[in-house]
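Q: What follows is structure.cif; its format and atoms are mmCIF, C-alpha atoms and all ligand atoms.
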```cif
data_protein
#
loop_
_atom_site.group_PDB
_atom_site.id
_atom_site.type_symbol
_atom_site.label_atom_id
_atom_site.label_comp_id
_atom_site.auth_asym_id
_atom_site.auth_seq_id
_atom_site.Cartn_x
_atom_site.Cartn_y
_atom_site.Cartn_z
ATOM 1 C CA MET L 1131 -6.404 71.020 346.487
ATOM 2 C CA ALA L 1132 -6.564 69.361 343.134
ATOM 3 C CA THR L 1133 -7.610 65.728 343.074
ATOM 4 C CA LYS L 1134 -5.320 62.964 341.903
ATOM 5 C CA ALA L 1135 -7.393 62.631 338.721
ATOM 6 C CA GLU L 1136 -6.978 66.344 337.994
ATOM 7 C CA LEU L 1137 -3.230 66.159 338.485
ATOM 8 C CA GLU L 1138 -3.043 63.089 336.289
ATOM 9 C CA SER L 1139 -4.965 64.897 333.580
ATOM 10 C CA ALA L 1140 -2.575 67.882 333.830
ATOM 11 C CA SER L 1141 0.346 65.496 333.427
ATOM 12 C CA ARG L 1142 -1.245 63.959 330.331
ATOM 13 C CA HIS L 1143 -1.810 67.399 328.799
ATOM 14 C CA TYR L 1144 1.744 68.417 329.497
ATOM 15 C CA HIS L 1145 3.178 65.317 327.819
ATOM 16 C CA HIS L 1146 0.869 65.709 324.846
ATOM 17 C CA TYR L 1147 2.224 69.224 324.179
ATOM 18 C CA LEU L 1148 5.788 68.185 324.933
ATOM 19 C CA VAL L 1149 5.662 65.462 322.273
ATOM 20 C CA ALA L 1150 4.147 67.912 319.764
ATOM 21 C CA ALA L 1151 6.806 70.526 320.558
ATOM 22 C CA LYS L 1152 9.678 68.042 320.205
ATOM 23 C CA THR L 1153 8.288 66.754 316.915
ATOM 24 C CA ALA L 1154 8.077 70.338 315.620
ATOM 25 C CA ILE L 1155 11.695 71.063 316.593
ATOM 26 C CA GLN L 1156 12.861 67.927 314.813
ATOM 27 C CA ALA L 1157 11.052 69.197 311.716
ATOM 28 C CA GLY L 1158 12.742 72.601 312.117
ATOM 29 C CA ASN L 1159 9.467 74.381 312.860
ATOM 30 C CA ILE L 1160 10.296 76.777 315.696
ATOM 31 C CA PHE L 1161 6.918 78.538 315.604
ATOM 32 C CA ALA L 1162 4.994 75.307 316.210
ATOM 33 C CA ALA L 1163 7.471 74.158 318.871
ATOM 34 C CA ILE L 1164 7.002 77.365 320.837
ATOM 35 C CA GLN L 1165 3.238 77.373 320.369
ATOM 36 C CA ASN L 1166 2.945 73.857 321.779
ATOM 37 C CA SER L 1167 5.338 74.666 324.609
ATOM 38 C CA VAL L 1168 3.311 77.743 325.552
ATOM 39 C CA ALA L 1169 0.144 75.602 325.470
ATOM 40 C CA SER L 1170 1.768 73.288 328.044
ATOM 41 C CA LEU L 1171 2.414 76.076 330.565
ATOM 42 C CA SER L 1172 -0.921 75.838 332.366
ATOM 43 C CA SER L 1173 -0.404 72.094 332.972
ATOM 44 C CA ILE L 1174 3.122 72.256 334.381
ATOM 45 C CA ASP L 1175 2.239 72.866 338.019
ATOM 46 C CA GLY L 1176 -0.230 69.941 338.081
ATOM 47 C CA MET L 1177 2.172 67.708 336.146
ATOM 48 C CA MET L 1178 4.967 68.381 338.653
ATOM 49 C CA GLN L 1179 2.705 67.634 341.626
ATOM 50 C CA PHE L 1180 1.432 64.447 340.007
ATOM 51 C CA GLU L 1181 4.861 63.137 339.131
ATOM 52 C CA ARG L 1182 6.335 64.022 342.514
ATOM 53 C CA LYS L 1183 3.571 62.072 344.212
ATOM 54 C CA SER L 1184 3.563 59.053 341.956
ATOM 55 C CA ASN L 1185 7.231 58.665 341.027
ATOM 56 C CA GLN L 1186 9.044 60.766 343.624
ATOM 57 C CA ARG L 1187 10.537 62.380 340.606
ATOM 58 C CA GLU L 1188 12.768 65.416 341.145
ATOM 59 C CA PHE L 1189 12.788 68.025 338.433
ATOM 60 C CA ASN L 1190 15.807 69.557 336.956
ATOM 61 C CA LEU L 1191 14.712 71.018 333.644
ATOM 62 C CA ILE L 1192 11.158 71.335 332.465
ATOM 63 C CA GLU L 1193 11.509 70.583 328.805
ATOM 64 C CA THR L 1194 8.800 72.806 327.327
ATOM 65 C CA ILE L 1195 10.089 75.767 329.367
ATOM 66 C CA GLU L 1196 13.580 75.032 328.047
ATOM 67 C CA LEU L 1197 12.230 75.046 324.490
ATOM 68 C CA ILE L 1198 10.609 78.453 324.994
ATOM 69 C CA LEU L 1199 13.780 79.879 326.533
ATOM 70 C CA THR L 1200 16.021 78.444 323.817
ATOM 71 C CA TYR L 1201 14.053 79.289 320.704
ATOM 72 C CA SER L 1202 12.085 82.493 321.447
ATOM 73 C CA PRO L 1203 15.170 84.669 320.798
ATOM 74 C CA VAL L 1204 15.561 83.122 317.326
ATOM 75 C CA ILE L 1205 12.163 84.339 316.122
ATOM 76 C CA PHE L 1206 12.021 87.518 318.259
ATOM 77 C CA ASP L 1207 9.131 86.066 320.246
ATOM 78 C CA SER L 1208 8.950 88.269 323.337
ATOM 79 C CA GLU L 1209 5.257 87.442 323.752
ATOM 80 C CA SER L 1210 5.993 83.827 324.654
ATOM 81 C CA LEU L 1211 8.628 84.922 327.172
ATOM 82 C CA ASP L 1212 6.001 87.219 328.698
ATOM 83 C CA ARG L 1213 3.569 84.305 328.935
ATOM 84 C CA LEU L 1214 6.195 82.236 330.718
ATOM 85 C CA ALA L 1215 6.934 85.143 333.084
ATOM 86 C CA ASP L 1216 3.208 85.384 333.940
ATOM 87 C CA VAL L 1217 2.988 81.666 334.740
ATOM 88 C CA LEU L 1218 6.115 81.778 336.925
ATOM 89 C CA LYS L 1219 4.648 84.725 338.794
ATOM 90 C CA SER L 1220 1.231 83.178 339.404
ATOM 91 C CA GLN L 1221 2.492 79.621 340.097
ATOM 92 C CA LYS L 1222 5.563 80.125 342.222
ATOM 93 C CA ARG L 1223 5.856 76.395 342.957
ATOM 94 C CA ILE L 1224 7.171 75.767 339.445
ATOM 95 C CA ASP L 1225 10.449 77.623 339.827
ATOM 96 C CA LYS L 1226 10.739 76.564 343.478
ATOM 97 C CA ASN L 1227 10.419 72.862 342.699
ATOM 98 C CA ALA L 1228 12.679 72.802 339.652
ATOM 99 C CA SER L 1229 16.368 72.757 340.402
ATOM 100 C CA ALA L 1230 17.168 74.938 337.393
ATOM 101 C CA ASP L 1231 16.906 78.660 338.151
ATOM 102 C CA ILE L 1232 14.144 79.412 335.653
ATOM 103 C CA ALA L 1233 13.855 83.098 336.592
ATOM 104 C CA LYS L 1234 17.542 83.559 335.866
ATOM 105 C CA ASN L 1235 17.308 81.632 332.594
ATOM 106 C CA LEU L 1236 14.374 83.800 331.571
ATOM 107 C CA LYS L 1237 16.505 86.887 332.111
ATOM 108 C CA THR L 1238 19.214 85.349 329.922
ATOM 109 C CA ALA L 1239 16.664 84.583 327.188
ATOM 110 C CA ARG L 1240 15.467 88.186 327.194
ATOM 111 C CA GLN L 1241 19.071 89.340 326.831
ATOM 112 C CA GLN L 1242 19.540 86.892 323.954
ATOM 113 C CA LEU L 1243 16.419 88.208 322.266
ATOM 114 C CA ASN L 1244 17.960 91.678 322.457
ATOM 115 C CA ASN L 1245 21.217 90.400 321.003
ATOM 116 C CA SER L 1246 19.304 88.599 318.293
ATOM 117 C CA TYR L 1247 17.546 91.787 317.340
ATOM 118 C CA GLN L 1248 20.818 93.790 317.413
ATOM 119 C CA LEU L 1249 22.484 91.373 315.001
ATOM 120 C CA TRP L 1250 19.503 91.243 312.698
ATOM 121 C CA LEU L 1251 19.219 95.041 312.596
ATOM 122 C CA HIS L 1252 22.948 95.405 311.980
ATOM 123 C CA LEU L 1253 22.808 93.003 309.043
ATOM 124 C CA LEU L 1254 19.807 94.853 307.673
ATOM 125 C CA GLN L 1255 21.436 98.267 307.951
ATOM 126 C CA PHE L 1256 24.925 97.264 306.823
ATOM 127 C CA PRO L 1257 24.502 94.553 304.190
ATOM 128 C CA ASN L 1258 28.108 95.157 303.020
ATOM 129 C CA HIS L 1259 29.582 94.137 306.405
ATOM 130 C CA THR L 1260 30.855 90.585 306.759
ATOM 131 C CA ILE L 1261 29.089 88.299 309.206
ATOM 132 C CA GLU L 1262 32.197 88.398 311.450
ATOM 133 C CA ALA L 1263 32.107 92.213 311.594
ATOM 134 C CA ALA L 1264 28.395 92.186 312.344
ATOM 135 C CA MET L 1265 28.831 89.636 315.147
ATOM 136 C CA GLU L 1266 31.636 91.646 316.761
ATOM 137 C CA ASN L 1267 29.196 94.509 317.008
ATOM 138 C CA VAL L 1268 26.905 92.459 319.263
ATOM 139 C CA GLY L 1269 27.911 91.721 322.851
ATOM 140 C CA ALA L 1270 27.131 88.003 322.814
ATOM 141 C CA PRO L 1271 29.267 84.841 322.508
ATOM 142 C CA LYS L 1272 30.204 84.063 318.918
ATOM 143 C CA GLU L 1273 29.176 80.390 319.233
ATOM 144 C CA TRP L 1274 25.684 81.433 320.220
ATOM 145 C CA LEU L 1275 25.432 83.988 317.390
ATOM 146 C CA THR L 1276 26.608 81.358 314.886
ATOM 147 C CA TRP L 1277 23.925 78.972 316.184
ATOM 148 C CA LEU L 1278 21.378 81.793 315.865
ATOM 149 C CA VAL L 1279 22.243 82.551 312.236
ATOM 150 C CA GLN L 1280 21.964 78.842 311.352
ATOM 151 C CA TYR L 1281 18.441 78.813 312.742
ATOM 152 C CA TRP L 1282 17.580 82.015 310.866
ATOM 153 C CA GLU L 1283 18.683 80.306 307.662
ATOM 154 C CA MET L 1284 16.463 77.326 308.489
ATOM 155 C CA GLN L 1285 13.495 79.621 309.117
ATOM 156 C CA GLY L 1286 14.083 81.597 305.904
ATOM 157 C CA TYR L 1287 15.050 84.801 307.732
ATOM 158 C CA ALA L 1288 18.576 84.880 306.386
ATOM 159 C CA ARG L 1289 20.802 83.480 303.727
ATOM 160 C CA ARG L 1290 24.532 83.159 303.506
ATOM 161 C CA ILE L 1291 26.304 84.661 300.486
ATOM 162 C CA GLU L 1292 29.977 84.640 299.530
ATOM 163 C CA LEU L 1293 31.337 87.934 298.196
ATOM 164 C CA THR L 1294 35.009 88.165 297.180
ATOM 165 C CA GLY L 1295 35.836 85.220 299.411
ATOM 166 C CA LYS L 1296 34.125 86.635 302.490
ATOM 167 C CA THR L 1297 30.918 85.451 304.093
ATOM 168 C CA HIS L 1298 28.021 87.844 304.295
ATOM 169 C CA VAL L 1299 24.578 87.132 305.620
ATOM 170 C CA GLN L 1300 21.596 88.710 303.981
ATOM 171 C CA VAL L 1301 18.550 89.010 306.203
ATOM 172 C CA MET L 1302 14.960 88.998 305.121
ATOM 173 C CA LEU L 1303 12.198 90.781 306.950
ATOM 174 C CA PRO L 1304 10.288 88.243 309.007
ATOM 175 C CA GLN L 1305 6.778 88.833 310.181
ATOM 176 C CA ASP L 1306 5.595 91.541 307.825
ATOM 177 C CA GLU L 1307 2.346 91.195 309.695
ATOM 178 C CA ILE L 1308 0.644 94.528 310.466
ATOM 179 C CA VAL L 1309 0.030 95.058 314.160
ATOM 180 C CA SER L 1310 -1.224 97.793 316.450
ATOM 181 C CA ALA L 1311 1.005 99.202 319.143
ATOM 182 C CA LYS L 1312 0.601 101.722 321.881
ATOM 183 C CA CYS L 1313 2.937 104.432 323.181
ATOM 184 C CA PRO L 1314 3.623 103.633 326.870
ATOM 185 C CA GLY L 1315 3.917 107.372 327.539
ATOM 186 C CA CYS L 1316 0.884 109.051 325.997
ATOM 187 C CA GLY L 1317 -1.172 106.017 324.976
ATOM 188 C CA VAL L 1318 -1.454 106.894 321.279
ATOM 189 C CA VAL L 1319 -2.079 103.787 319.154
ATOM 190 C CA GLY L 1320 -0.475 103.290 315.749
ATOM 191 C CA ASN L 1321 -0.306 100.548 313.141
ATOM 192 C CA GLY L 1322 2.815 99.215 311.513
ATOM 193 C CA LYS L 1323 4.820 96.164 310.598
ATOM 194 C CA LYS L 1324 5.598 94.035 313.622
ATOM 195 C CA TRP L 1325 9.396 94.316 313.327
ATOM 196 C CA GLN L 1326 9.225 98.118 313.208
ATOM 197 C CA PHE L 1327 8.019 98.108 316.806
ATOM 198 C CA TRP L 1328 10.940 96.049 318.134
ATOM 199 C CA ASN L 1329 13.152 99.083 318.230
ATOM 200 C CA THR L 1330 12.935 102.402 320.021
ATOM 201 C CA ASN L 1331 10.789 104.829 318.034
ATOM 202 C CA THR L 1332 9.940 108.491 318.353
ATOM 203 C CA CYS L 1333 6.280 108.760 319.303
ATOM 204 C CA PRO L 1334 4.490 110.888 316.682
ATOM 205 C CA LYS L 1335 2.298 112.409 319.377
ATOM 206 C CA CYS L 1336 4.338 112.980 322.557
ATOM 207 C CA LYS L 1337 7.707 112.937 320.682
ATOM 208 C CA HIS L 1338 9.354 110.783 323.353
ATOM 209 C CA GLN L 1339 11.768 107.986 322.496
ATOM 210 C CA VAL L 1340 9.787 104.903 323.435
ATOM 211 C CA VAL L 1341 9.452 101.205 322.752
ATOM 212 C CA PHE L 1342 5.861 100.790 321.614
ATOM 213 C CA VAL L 1343 3.893 98.012 323.317
ATOM 214 C CA MET L 1344 2.172 95.711 320.860
ATOM 215 C CA ILE L 1345 -1.505 95.252 321.602
ATOM 216 C CA LYS L 1346 -3.595 92.224 320.885
ATOM 217 C CA LYS L 1347 -5.990 92.415 317.978
ATOM 218 C CA GLN L 1348 -9.625 92.486 319.057
HETATM 219 ZN ZN ZN L 1401 3.562 109.044 323.005
#
```
Output the file's structure as structure tokens, nothing else.

A:
Amino acid sequence: MATKAELESASRHYHHYLVAAKTAIQAGNIFAAIQNSVASLSSIDGMMQFERKSNQREFNLIETIELILTYSPVIFDSESLDRLADVLKSQKRIDKNASADIAKNLKTARQQLNNSYQLWLHLLQFPNHTIEAAMENVGAPKEWLTWLVQYWEMQGYARRIELTGKTHVQVMLPQDEIVSAKCPGCGVVGNGKKWQFWNTNTCPKCKHQVVFVMIKKQ
């Protein structure tokens, strides 16, 4: 059992990262907001225990988890969703003691990340399509997709252009960072731009259609 001092310290850490994450969101910096939210994950269990004991507080939403779920799809950040999934798995009390169904919301966020990628890829492949046509091609609510594109514009991933009275959205390639990724079938490792691994690729070695798994740099 953790001591009261340990729980109090966890609570302090959590609130430190929460404040940093909220400040980043207000400044429009999604990367920093998610980074700080992910940094808070290890303190959530202790924070919840501390606050339940001292304030009899019941939890509905855990704000840093909400930030990760809301904004990861915007910047195609599946890694942060994986981190959250790991914490929920190893600290089952978190989802149990929050009234929001975090596991279900995580599933929704993964679906949104897929939708986000579909829209982005469509705009990249068919730059002559209007934004309306591109959105119809993605099975997600239009209000959410409109929200998504606004955030892309803020992050410099997209810009709106008017052509013959119609709105088009031009997307830029985010994260040109070179990463290594591994074929889940045969294990061959290749290098490429991060976004190239989001989609299904044909493995150059085993020739299967696979989604490469990005591996951490040593
Ligand atoms: Zn392979």

Q: Which polymer residues, whether protein, DNA or RNA, lie within 12 Å of the coordinate (5.6, 64.7, 317.2) when you count only C-alpha atoms? List them as number ranges by chain, using the chain letters and numbers from the file.

A: L: 1145-1159, 1162-1163, 1166

Q: Could you please determine the separation between CA of Pro1314 in chain L and CA of Val1340 in chain L in Å, to one decimal place?

A: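 About the pair CA of Pro1314 in chain L and CA of Val1340 in chain L: they are 7.2 Å apart.
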
Q: Please write out the residues within 12 Å of ligand ZN 1401 (chain L) as an NGL selection string, counting all atoms listed in the file.

A: :L and (1311-1320 or 1330-1343)

Q: Would you put the residues from that selection into a file with C-alpha atoms, as a compact mmCIF listing (two decimals), keeping the file's coordinate frame?

A:
```
# COMPACT_ATOMS: atom_id res chain seq x y z
CA ALA L 1311 1.00 99.20 319.14
CA LYS L 1312 0.60 101.72 321.88
CA CYS L 1313 2.94 104.43 323.18
CA PRO L 1314 3.62 103.63 326.87
CA GLY L 1315 3.92 107.37 327.54
CA CYS L 1316 0.88 109.05 326.00
CA GLY L 1317 -1.17 106.02 324.98
CA VAL L 1318 -1.45 106.89 321.28
CA VAL L 1319 -2.08 103.79 319.15
CA GLY L 1320 -0.48 103.29 315.75
CA THR L 1330 12.94 102.40 320.02
CA ASN L 1331 10.79 104.83 318.03
CA THR L 1332 9.94 108.49 318.35
CA CYS L 1333 6.28 108.76 319.30
CA PRO L 1334 4.49 110.89 316.68
CA LYS L 1335 2.30 112.41 319.38
CA CYS L 1336 4.34 112.98 322.56
CA LYS L 1337 7.71 112.94 320.68
CA HIS L 1338 9.35 110.78 323.35
CA GLN L 1339 11.77 107.99 322.50
CA VAL L 1340 9.79 104.90 323.44
CA VAL L 1341 9.45 101.20 322.75
CA PHE L 1342 5.86 100.79 321.61
CA VAL L 1343 3.89 98.01 323.32
```

Q: What does the distance from CA of Gln1326 in chain L to CA of Lys1237 in chain L come to in Å, to one decimal?

A: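 CA of Lys1237 in chain L lies at a distance of 23.2 Å from CA of Gln1326 in chain L.
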
Q: Taking the file as shown, what set of residues would the PyMOL selection byres (((chain L and resi 1283) around 12) and not hetatm) give back, as a ChimeraX atom specification?

A: /L:1158,1204-1205,1276-1282,1284-1291,1299-1302,1304

Q: Can you pull out the residues contacting Thr1260 in chain L? Cut-off 7 Å, using all atoms listed in the file, and skip same-chain residues under 3 positions away; I want them as a PyMOL selection string.

A: chain L and resi 1263-1264+1296-1298

Q: Report the distance between CA of Gln1242 in chain L and CA of Pro1203 in chain L in Å, rounded to one decimal place.

A: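 Straight-line distance from CA of Gln1242 in chain L to CA of Pro1203 in chain L works out to 5.8 Å.
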
Q: Report the closest atom pair, with its distance in Å rounded to one decimal, for each residue of range 1207-1310 of chain L that has an atom no farther than 12 Å from range 1174-1187 of chain L; count only C-alpha atoms, sort by chain and then rising residue number, and write it as JSON lines.

A:
```
{"residue": "L:Leu1214", "atom": "CA", "partner": "L:Ile1174", "partner_atom": "CA", "distance": 11.1}
{"residue": "L:Val1217", "atom": "CA", "partner": "L:Ile1174", "partner_atom": "CA", "distance": 9.4}
{"residue": "L:Leu1218", "atom": "CA", "partner": "L:Asp1175", "partner_atom": "CA", "distance": 9.8}
{"residue": "L:Ser1220", "atom": "CA", "partner": "L:Asp1175", "partner_atom": "CA", "distance": 10.5}
{"residue": "L:Gln1221", "atom": "CA", "partner": "L:Asp1175", "partner_atom": "CA", "distance": 7.1}
{"residue": "L:Lys1222", "atom": "CA", "partner": "L:Asp1175", "partner_atom": "CA", "distance": 9.0}
{"residue": "L:Arg1223", "atom": "CA", "partner": "L:Asp1175", "partner_atom": "CA", "distance": 7.1}
{"residue": "L:Ile1224", "atom": "CA", "partner": "L:Asp1175", "partner_atom": "CA", "distance": 5.9}
{"residue": "L:Asp1225", "atom": "CA", "partner": "L:Asp1175", "partner_atom": "CA", "distance": 9.7}
{"residue": "L:Lys1226", "atom": "CA", "partner": "L:Asp1175", "partner_atom": "CA", "distance": 10.8}
{"residue": "L:Asn1227", "atom": "CA", "partner": "L:Met1178", "partner_atom": "CA", "distance": 8.1}
{"residue": "L:Ala1228", "atom": "CA", "partner": "L:Met1178", "partner_atom": "CA", "distance": 8.9}
{"residue": "L:Ser1229", "atom": "CA", "partner": "L:Arg1187", "partner_atom": "CA", "distance": 11.9}
```
